[in-house]
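First comes the structure, then the notes that go with it.
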Amino acid sequence: MTRRFDLAFLAAWTLLVWVGRLRNVVVDDDLSGWSFTWRLLVALGFTSVGLALAALLILHRLSVSMASGSARLGAGLAVVGSIWWLVRGIGILVADYSVGFKLVHSALALVTVLVSLTVLRTQQRGTVGQRPLATG
């Protein structure tokens, strides 16, 4: 896969997961006070970064100078998202949730970590999704 595809997939996956979470937080009548605020801020944070990454990737198509910005933002999102899901995933697994809830959130965590590792590995190799310029 190419760096651009990996970053686009990470942005799309992040938006899919966290826009859904935003909706869940807003419609949950049992949440209030700090519990509501914390969940809302986390979901807004991840959604905002996902949107920013998507916007940078679109702008990158217009300006090559945006490539490093989207790569850095994607790497940051990959690291923070993986850490979030590793910590939260373990918390969900040991807590008193239904098996279905644990399975769904384990799948969300697994996909996030795998996509993030792909993004980081692709960037480490320096793949830019384009053929290298011929020299000589």
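In the structure tokens, chains take the letters A, B, ... in the order shown, each chain's residues start at 1, and ligands count up from 1 in the order shown.
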
Write out as a Markdown table a residue-level contact list of range 96-128 of chain A versus range 8-24 of chain A with cut-off 9 Å: for each qualifying residue the closest pair of atoms and the distance in Å to one decimal, counting only C-alpha atoms, rows sorted by chain and residue number upward.
```
| residue | atom | partner | partner_atom | distance |
| --- | --- | --- | --- | --- |
| A:Leu108 | CA | A:Val17 | CA | 7.7 |
| A:Val111 | CA | A:Trp13 | CA | 8.7 |
| A:Thr112 | CA | A:Trp13 | CA | 7.6 |
| A:Val115 | CA | A:Leu10 | CA | 6.4 |
| A:Ser116 | CA | A:Leu10 | CA | 7.1 |
| A:Val119 | CA | A:Leu10 | CA | 7.8 |
```

Counting only C-alpha atoms, what is within 6 Å of range 71-83 of chain A, bar same-chain residues fewer than 3 positions away, as an mmCIF file with N, CA and C atoms, in the first residue's frame?
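Below is the file selection25.cif, written as the result:
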```cif
data_model
loop_
_atom_site.group_PDB
_atom_site.id
_atom_site.type_symbol
_atom_site.label_atom_id
_atom_site.label_comp_id
_atom_site.auth_asym_id
_atom_site.auth_seq_id
_atom_site.Cartn_x
_atom_site.Cartn_y
_atom_site.Cartn_z
ATOM 1 N N SER A 68 4.408 16.550 3.949
ATOM 2 C CA SER A 68 5.045 16.294 5.241
ATOM 3 C C SER A 68 4.084 16.560 6.394
ATOM 4 N N LEU A 86 -5.295 0.686 23.143
ATOM 5 C CA LEU A 86 -4.660 -0.344 23.971
ATOM 6 C C LEU A 86 -5.051 -0.174 25.438
ATOM 7 N N VAL A 113 -5.288 -0.354 15.696
ATOM 8 C CA VAL A 113 -3.865 -0.644 15.913
ATOM 9 C C VAL A 113 -3.221 -1.172 14.632
ATOM 10 N N SER A 116 -2.848 1.655 12.172
ATOM 11 C CA SER A 116 -1.804 2.550 12.680
ATOM 12 C C SER A 116 -0.420 1.972 12.452
#
```

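Non-sequential neighbours of His105 in chain A (distance at most 9 Å, separation of 5 or more positions within a chain, only C-alpha atoms) are Trp85, Gly89, Ile92, Leu93, Gly100 and Leu110 of chain A.
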
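For the set A:Thr37, A:Ser32, A:Gln123, A:Ser98, the residue with the smallest atom-to-atom gap to Ala67 in chain A is A:Gln123, counting only C-alpha atoms.
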